[in-house]
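Structure below is work06.pdb: PDB, C-alpha atoms, pLDDT in the B column.
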ATOM      1  CA  MET J   1     101.103 310.389 104.956  1.00 39.00           C
ATOM      2  CA  ASN J   2     101.122 310.281 108.730  1.00 42.00           C
ATOM      3  CA  THR J   3     104.869 310.220 109.358  1.00 42.00           C
ATOM      4  CA  ALA J   4     104.699 310.970 113.089  1.00 46.00           C
ATOM      5  CA  ALA J   5     102.978 307.664 113.797  1.00 51.00           C
ATOM      6  CA  GLY J   6     104.494 305.716 110.907  1.00 63.00           C
ATOM      7  CA  PRO J   7     103.022 304.889 107.540  1.00 69.00           C
ATOM      8  CA  TRP J   8     100.735 302.113 108.853  1.00 72.00           C
ATOM      9  CA  HIS J   9      98.504 304.050 111.212  1.00 75.00           C
ATOM     10  CA  GLY J  10      94.718 304.160 110.884  1.00 80.00           C
ATOM     11  CA  HIS J  11      92.277 306.052 113.075  1.00 85.00           C
ATOM     12  CA  SER J  12      93.610 306.698 116.556  1.00 84.00           C
ATOM     13  CA  PHE J  13      91.472 305.089 119.257  1.00 86.00           C
ATOM     14  CA  SER J  14      92.277 307.986 121.604  1.00 89.00           C
ATOM     15  CA  VAL J  15      90.601 310.364 119.140  1.00 92.00           C
ATOM     16  CA  LEU J  16      87.898 308.047 117.849  1.00 93.00           C
ATOM     17  CA  LEU J  17      86.459 307.190 121.278  1.00 94.00           C
ATOM     18  CA  PRO J  18      85.850 310.815 122.417  1.00 96.00           C
ATOM     19  CA  ILE J  19      84.369 311.644 119.002  1.00 96.00           C
ATOM     20  CA  MET J  20      81.969 308.733 119.307  1.00 97.00           C
ATOM     21  CA  LEU J  21      81.028 309.532 122.908  1.00 97.00           C
ATOM     22  CA  ALA J  22      80.469 313.239 122.244  1.00 98.00           C
ATOM     23  CA  GLY J  23      78.671 312.516 118.987  1.00 98.00           C
ATOM     24  CA  THR J  24      76.354 310.004 120.643  1.00 98.00           C
ATOM     25  CA  ALA J  25      75.561 312.440 123.467  1.00 98.00           C
ATOM     26  CA  ALA J  26      74.845 315.215 120.961  1.00 98.00           C
ATOM     27  CA  LEU J  27      72.679 312.918 118.836  1.00 98.00           C
ATOM     28  CA  LEU J  28      70.664 311.843 121.883  1.00 98.00           C
ATOM     29  CA  ALA J  29      70.216 315.463 122.988  1.00 98.00           C
ATOM     30  CA  ILE J  30      68.970 316.485 119.538  1.00 98.00           C
ATOM     31  CA  ALA J  31      66.644 313.474 119.406  1.00 97.00           C
ATOM     32  CA  LEU J  32      65.190 314.233 122.840  1.00 97.00           C
ATOM     33  CA  TYR J  33      64.658 317.869 121.916  1.00 96.00           C
ATOM     34  CA  LEU J  34      62.967 316.924 118.639  1.00 95.00           C
ATOM     35  CA  CYS J  35      60.714 314.458 120.467  1.00 95.00           C
ATOM     36  CA  SER J  36      59.693 317.264 122.824  1.00 93.00           C
ATOM     37  CA  ARG J  37      58.480 319.203 119.784  1.00 91.00           C
ATOM     38  CA  PHE J  38      55.670 316.655 119.323  1.00 89.00           C
ATOM     39  CA  THR J  39      53.935 317.432 122.620  1.00 89.00           C
ATOM     40  CA  ARG J  40      50.511 319.017 122.399  1.00 88.00           C
ATOM     41  CA  GLN J  41      51.718 322.346 123.812  1.00 89.00           C
ATOM     42  CA  ALA J  42      54.613 322.517 121.349  1.00 84.00           C
ATOM     43  CA  ARG J  43      52.324 321.760 118.408  1.00 83.00           C
ATOM     44  CA  LEU J  44      49.948 324.560 119.430  1.00 85.00           C
ATOM     45  CA  ARG J  45      52.798 327.113 119.536  1.00 85.00           C
ATOM     46  CA  ARG J  46      54.367 325.963 116.253  1.00 86.00           C
ATOM     47  CA  THR J  47      55.552 328.803 114.015  1.00 91.00           C
ATOM     48  CA  PRO J  48      57.121 328.674 110.548  1.00 91.00           C
ATOM     49  CA  PHE J  49      60.575 329.588 111.875  1.00 92.00           C
ATOM     50  CA  ALA J  50      60.335 326.840 114.520  1.00 93.00           C
ATOM     51  CA  VAL J  51      59.456 324.282 111.859  1.00 94.00           C
ATOM     52  CA  TRP J  52      62.488 325.306 109.769  1.00 96.00           C
ATOM     53  CA  ARG J  53      64.682 325.160 112.868  1.00 96.00           C
ATOM     54  CA  ASP J  54      63.461 321.661 113.633  1.00 96.00           C
ATOM     55  CA  VAL J  55      64.019 320.531 110.028  1.00 97.00           C
ATOM     56  CA  SER J  56      67.556 321.892 110.318  1.00 98.00           C
ATOM     57  CA  LEU J  57      68.092 319.873 113.497  1.00 97.00           C
ATOM     58  CA  VAL J  58      66.721 316.725 111.835  1.00 97.00           C
ATOM     59  CA  THR J  59      69.245 317.071 109.008  1.00 98.00           C
ATOM     60  CA  VAL J  60      72.075 317.689 111.479  1.00 98.00           C
ATOM     61  CA  ALA J  61      71.003 314.598 113.425  1.00 98.00           C
ATOM     62  CA  ALA J  62      70.929 312.519 110.239  1.00 98.00           C
ATOM     63  CA  ALA J  63      74.436 313.699 109.272  1.00 98.00           C
ATOM     64  CA  LEU J  64      75.732 313.007 112.775  1.00 98.00           C
ATOM     65  CA  ALA J  65      74.149 309.543 112.809  1.00 98.00           C
ATOM     66  CA  LEU J  66      75.802 308.724 109.471  1.00 98.00           C
ATOM     67  CA  TYR J  67      79.172 309.952 110.731  1.00 98.00           C
ATOM     68  CA  LEU J  68      78.884 307.836 113.874  1.00 98.00           C
ATOM     69  CA  TRP J  69      77.850 304.831 111.792  1.00 97.00           C
ATOM     70  CA  GLY J  70      81.007 305.313 109.728  1.00 96.00           C
ATOM     71  CA  CYS J  71      83.091 305.576 112.892  1.00 95.00           C
ATOM     72  CA  LEU J  72      81.638 302.284 114.092  1.00 95.00           C
ATOM     73  CA  HIS J  73      83.062 300.572 111.016  1.00 93.00           C
ATOM     74  CA  VAL J  74      86.611 301.214 112.243  1.00 91.00           C
ATOM     75  CA  PHE J  75      86.013 301.373 115.999  1.00 91.00           C
ATOM     76  CA  PHE J  76      86.491 297.659 116.650  1.00 87.00           C
ATOM     77  CA  LEU J  77      89.354 297.148 114.198  1.00 86.00           C
ATOM     78  CA  ASP J  78      92.968 297.414 115.290  1.00 84.00           C
ATOM     79  CA  ASP J  79      95.743 298.525 112.921  1.00 80.00           C
ATOM     80  CA  GLN J  80      96.402 294.926 111.880  1.00 85.00           C
ATOM     81  CA  ASP J  81      92.746 294.368 110.888  1.00 88.00           C
ATOM     82  CA  GLN J  82      92.745 297.619 108.942  1.00 89.00           C
ATOM     83  CA  SER J  83      95.928 296.606 107.097  1.00 86.00           C
ATOM     84  CA  GLU J  84      94.416 293.233 106.236  1.00 90.00           C
ATOM     85  CA  GLU J  85      91.322 294.956 104.869  1.00 91.00           C
ATOM     86  CA  CYS J  86      93.559 297.093 102.636  1.00 90.00           C
ATOM     87  CA  GLU J  87      95.140 293.930 101.259  1.00 90.00           C
ATOM     88  CA  LEU J  88      91.803 292.187 100.755  1.00 91.00           C
ATOM     89  CA  GLN J  89      90.264 295.106  98.856  1.00 91.00           C
ATOM     90  CA  ARG J  90      93.355 296.058  96.846  1.00 89.00           C
ATOM     91  CA  PRO J  91      92.272 296.796  93.271  1.00 88.00           C
ATOM     92  CA  GLY J  92      94.146 295.425  90.257  1.00 86.00           C
ATOM     93  CA  GLY J  93      97.134 297.445  89.131  1.00 86.00           C
ATOM     94  CA  ILE J  94      98.259 298.277  92.651  1.00 86.00           C
ATOM     95  CA  PRO J  95     101.759 296.769  92.994  1.00 84.00           C
ATOM     96  CA  ARG J  96     102.120 296.947  96.777  1.00 87.00           C
ATOM     97  CA  LEU J  97     100.883 298.910  99.733  1.00 87.00           C
ATOM     98  CA  VAL J  98     103.177 301.323 101.538  1.00 90.00           C
ATOM     99  CA  GLY J  99     100.856 302.533 104.300  1.00 88.00           C
ATOM    100  CA  LEU J 100      97.417 303.493 105.468  1.00 90.00           C
ATOM    101  CA  ARG J 101      95.966 306.496 107.202  1.00 90.00           C
ATOM    102  CA  GLY J 102      92.728 307.314 108.915  1.00 90.00           C
ATOM    103  CA  ASP J 103      91.117 310.654 108.118  1.00 92.00           C
ATOM    104  CA  PHE J 104      88.302 312.068 110.220  1.00 94.00           C
ATOM    105  CA  ILE J 105      87.184 314.750 107.731  1.00 93.00           C
ATOM    106  CA  PRO J 106      86.155 313.322 105.382  1.00 94.00           C
ATOM    107  CA  LEU J 107      85.741 310.101 107.305  1.00 95.00           C
ATOM    108  CA  ARG J 108      87.769 307.426 105.552  1.00 94.00           C
ATOM    109  CA  LEU J 109      90.475 304.819 105.872  1.00 93.00           C
ATOM    110  CA  VAL J 110      92.932 305.360 103.022  1.00 93.00           C
ATOM    111  CA  CYS J 111      95.247 302.623 101.788  1.00 93.00           C
ATOM    112  CA  GLU J 112      98.383 304.144 100.240  1.00 91.00           C
ATOM    113  CA  ALA J 113      99.988 302.347  97.291  1.00 90.00           C
ATOM    114  CA  SER J 114     103.573 302.487  96.055  1.00 87.00           C
ATOM    115  CA  ASN J 115     102.468 303.877  92.663  1.00 87.00           C
ATOM    116  CA  GLY J 116     100.688 306.842  94.285  1.00 85.00           C
ATOM    117  CA  ARG J 117      97.173 305.476  93.815  1.00 88.00           C
ATOM    118  CA  ASP J 118      95.256 305.575  97.087  1.00 90.00           C
ATOM    119  CA  TYR J 119      91.920 303.921  97.786  1.00 91.00           C
ATOM    120  CA  SER J 120      89.456 303.880 100.661  1.00 92.00           C
ATOM    121  CA  VAL J 121      88.203 300.804 102.482  1.00 93.00           C
ATOM    122  CA  ILE J 122      85.890 299.752 105.331  1.00 93.00           C
ATOM    123  CA  ILE J 123      83.765 302.922 105.605  1.00 94.00           C
ATOM    124  CA  PRO J 124      80.793 302.786 103.193  1.00 95.00           C
ATOM    125  CA  GLY J 125      81.183 305.122 100.244  1.00 94.00           C
ATOM    126  CA  CYS J 126      77.720 306.644 100.728  1.00 96.00           C
ATOM    127  CA  ILE J 127      78.517 308.252 104.091  1.00 97.00           C
ATOM    128  CA  ASN J 128      80.638 311.243 103.046  1.00 97.00           C
ATOM    129  CA  PRO J 129      78.474 312.272 100.049  1.00 98.00           C
ATOM    130  CA  ALA J 130      75.329 312.047 102.187  1.00 98.00           C
ATOM    131  CA  ILE J 131      76.913 314.197 104.894  1.00 98.00           C
ATOM    132  CA  ALA J 132      78.070 316.644 102.218  1.00 98.00           C
ATOM    133  CA  VAL J 133      74.435 317.072 101.154  1.00 98.00           C
ATOM    134  CA  LEU J 134      72.866 317.084 104.631  1.00 98.00           C
ATOM    135  CA  LEU J 135      75.075 319.729 106.251  1.00 98.00           C
ATOM    136  CA  PRO J 136      74.501 322.465 103.615  1.00 98.00           C
ATOM    137  CA  LEU J 137      70.794 321.590 103.706  1.00 98.00           C
ATOM    138  CA  ALA J 138      70.849 322.061 107.482  1.00 98.00           C
ATOM    139  CA  LEU J 139      72.525 325.435 107.008  1.00 98.00           C
ATOM    140  CA  VAL J 140      69.911 326.549 104.466  1.00 98.00           C
ATOM    141  CA  CYS J 141      67.121 325.484 106.831  1.00 97.00           C
ATOM    142  CA  ALA J 142      68.748 327.285 109.768  1.00 97.00           C
ATOM    143  CA  LEU J 143      69.180 330.469 107.715  1.00 98.00           C
ATOM    144  CA  THR J 144      65.556 330.263 106.577  1.00 97.00           C
ATOM    145  CA  SER J 145      64.492 329.873 110.195  1.00 96.00           C
ATOM    146  CA  ALA J 146      66.591 332.873 111.243  1.00 96.00           C
ATOM    147  CA  PHE J 147      65.174 334.970 108.397  1.00 96.00           C
ATOM    148  CA  LEU J 148      61.574 334.071 109.279  1.00 94.00           C
ATOM    149  CA  HIS J 149      62.210 334.732 112.978  1.00 92.00           C
ATOM    150  CA  HIS J 150      63.721 338.131 112.201  1.00 92.00           C
ATOM    151  CA  LYS J 151      60.811 338.944 109.895  1.00 88.00           C
ATOM    152  CA  GLN J 152      58.288 337.996 112.591  1.00 83.00           C
ATOM    153  CA  ARG J 153      60.080 340.081 115.238  1.00 82.00           C
ATOM    154  CA  THR J 154      60.231 343.065 112.899  1.00 83.00           C
ATOM    155  CA  ARG J 155      56.475 342.870 112.253  1.00 77.00           C
ATOM    156  CA  THR J 156      55.781 342.542 115.988  1.00 73.00           C
ATOM    157  CA  ARG J 157      57.847 345.671 116.731  1.00 74.00           C
ATOM    158  CA  GLU J 158      56.092 347.665 114.004  1.00 72.00           C
ATOM    159  CA  LYS J 159      52.662 346.749 115.419  1.00 71.00           C
ATOM    160  CA  GLY J 160      53.687 347.292 119.056  1.00 60.00           C
TER     161      GLY J 160
END
Please lay out the structure from this file as structure tokens.
Amino acid sequence: MNTAAGPWHGHSFSVLLPIMLAGTAALLAIALYLCSRFTRQARLRRTPFAVWRDVSLVTVAAALALYLWGCLHVFFLDDQDQSEECELQRPGGIPRLVGLRGDFIPLRLVCEASNGRDYSVIIPGCINPAIAVLLPLALVCALTSAFLHHKQRTRTREKG
């Protein structure tokens, strides 16, 4: 529970806004870079490690886009709206709500109940599992790219 800000405190706007601005800038930068990879010159110089690197960046961009989409779900809601959403989506067997908290990792808005049962609202349930799959996939692609790049450099040194 977030005791410093009280039990009824969702995502802080002062944290959410910079995350969204930085995330949007990063997403645009990745998208522009990936678009540059489709030029004729870039296609002619394409190597296996570059393809794996670009696939890694695509998965990172997809995860970032999903995260930002989740952030948008709470961006325009104040604490009162978030509290109302907790009440509207309260499952049966929950006697009363005692608070809510906004978590950034994983991205969720958690409604806290008096019986200890917590539940998430507002942010679609598919976002965190998708990100949990995309980020390790991006890492595997990046490691494959690094391995292929190292292998290519080693062969070039042996020939040279």
Just want the 9 Å neighbourhood of Thr24 in chain J, counted on only C-alpha atoms, with same-chain residues fewer than 3 positions away dropped. Output as a list of chain:residue names. J:Ile19, J:Met20, J:Leu21, J:Leu27, J:Leu28, J:Ala29, J:Leu64, J:Ala65, J:Leu68
Minimum-distance residue to Ala146 in chain J, chosen among J:Ile30, J:Val51, J:Leu17, J:Leu100 (using all atoms listed in the file):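 Among the listed residues, J:Val51 lies closest to Ala146 in chain J.
Reported to one decimal place, the separation of CA of Arg40 in chain J from CA of Trp52 in chain J is 18.5 Å.
With all atoms listed in the file taken into account, the protein and nucleic acid residues at most 10 Å from Trp69 in chain J (excluding it and anything under 6 positions from it in its own chain) are Met20, Ala63, Phe75, Ile123, Pro124 and Ile127 of chain J.
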Those same residues - C-alpha atoms - I'd like them written as a PDB file, in the coordinates of the input.
ATOM      1  CA  MET J  20      81.969 308.733 119.307  1.00 97.00           C
ATOM      2  CA  ALA J  63      74.436 313.699 109.272  1.00 98.00           C
ATOM      3  CA  PHE J  75      86.013 301.373 115.999  1.00 91.00           C
ATOM      4  CA  ILE J 123      83.765 302.922 105.605  1.00 94.00           C
ATOM      5  CA  PRO J 124      80.793 302.786 103.193  1.00 95.00           C
ATOM      6  CA  ILE J 127      78.517 308.252 104.091  1.00 97.00           C
TER       7      ILE J 127
END
Taking the file as I've supplied it (selection: the PyMOL selection byres ((chain J and resi 77-80) around 9)), which residues are included? Please answer as JSON, numbers by chain. {"J": [8, 9, 10, 11, 13, 73, 74, 75, 76, 81, 82, 83, 84, 85]}
Contacts of range 92-95 of chain J at 8 Å or less, counting all atoms listed in the file, minus same-chain residues fewer than 3 places along, as a PyMOL selection string? chain J and resi 113-115+117
Might you spell out which residues the PyMOL selection byres ((chain J and resi 135) around 10) would select in the displayed file, as a ChimeraX atom specification? /J:56,59-64,130-134,136-141
Using only C-alpha atoms, tabulate the residues of range 32-93 of chain J lying at most 9 Å from any atom of range 149-153 of chain J, each with its closest atom pair and that distance in Å to one decimal, by chain and increasing residue number, as JSON lines.
{"residue": "J:Thr47", "atom": "CA", "partner": "J:His149", "partner_atom": "CA", "distance": 9.0}
{"residue": "J:Pro48", "atom": "CA", "partner": "J:His149", "partner_atom": "CA", "distance": 8.3}
{"residue": "J:Phe49", "atom": "CA", "partner": "J:His149", "partner_atom": "CA", "distance": 5.5}
{"residue": "J:Ala50", "atom": "CA", "partner": "J:His149", "partner_atom": "CA", "distance": 8.3}
Could you jot down the CA of Ser12 in chain J to CA of Pro91 in chain J separation for me, Å, one decimal place?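 Between these atoms lies a distance of 25.3 Å.
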Skipping near chain neighbours, those fewer than 2 positions away, what residues fall within 8 Å of Leu34 in chain J using all atoms listed in the file, listed as a PyMOL selection string? chain J and resi 30-32+36-38+54+57-58
One decimal, in Å: what's the spacing between CA of Phe104 in chain J and CA of Pro18 in chain J? 12.5 Å
Among the residues J:Cys71, J:Ile122, J:Val55, J:Leu97, the one that comes closest to Ala142 in chain J [using all atoms listed in the file]: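 The shortest atom-to-atom distance to Ala142 in chain J comes from J:Val55.
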Measuring between only C-alpha atoms, which one of J:Gly116, J:Arg45, J:Val121, J:Leu88 shows the shortest distance to Gly102 in chain J?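 With only C-alpha atoms as the atom set, the closest residue is J:Val121.
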Centre and size of axis-aligned box enclosing range 118-132 of chain J plus 4 Å each side, as AutoDock Vina command-line options:
--center_x 85.3 --center_y 308.2 --center_z 101.3 --size_x 27.9 --size_y 24.9 --size_z 16.5
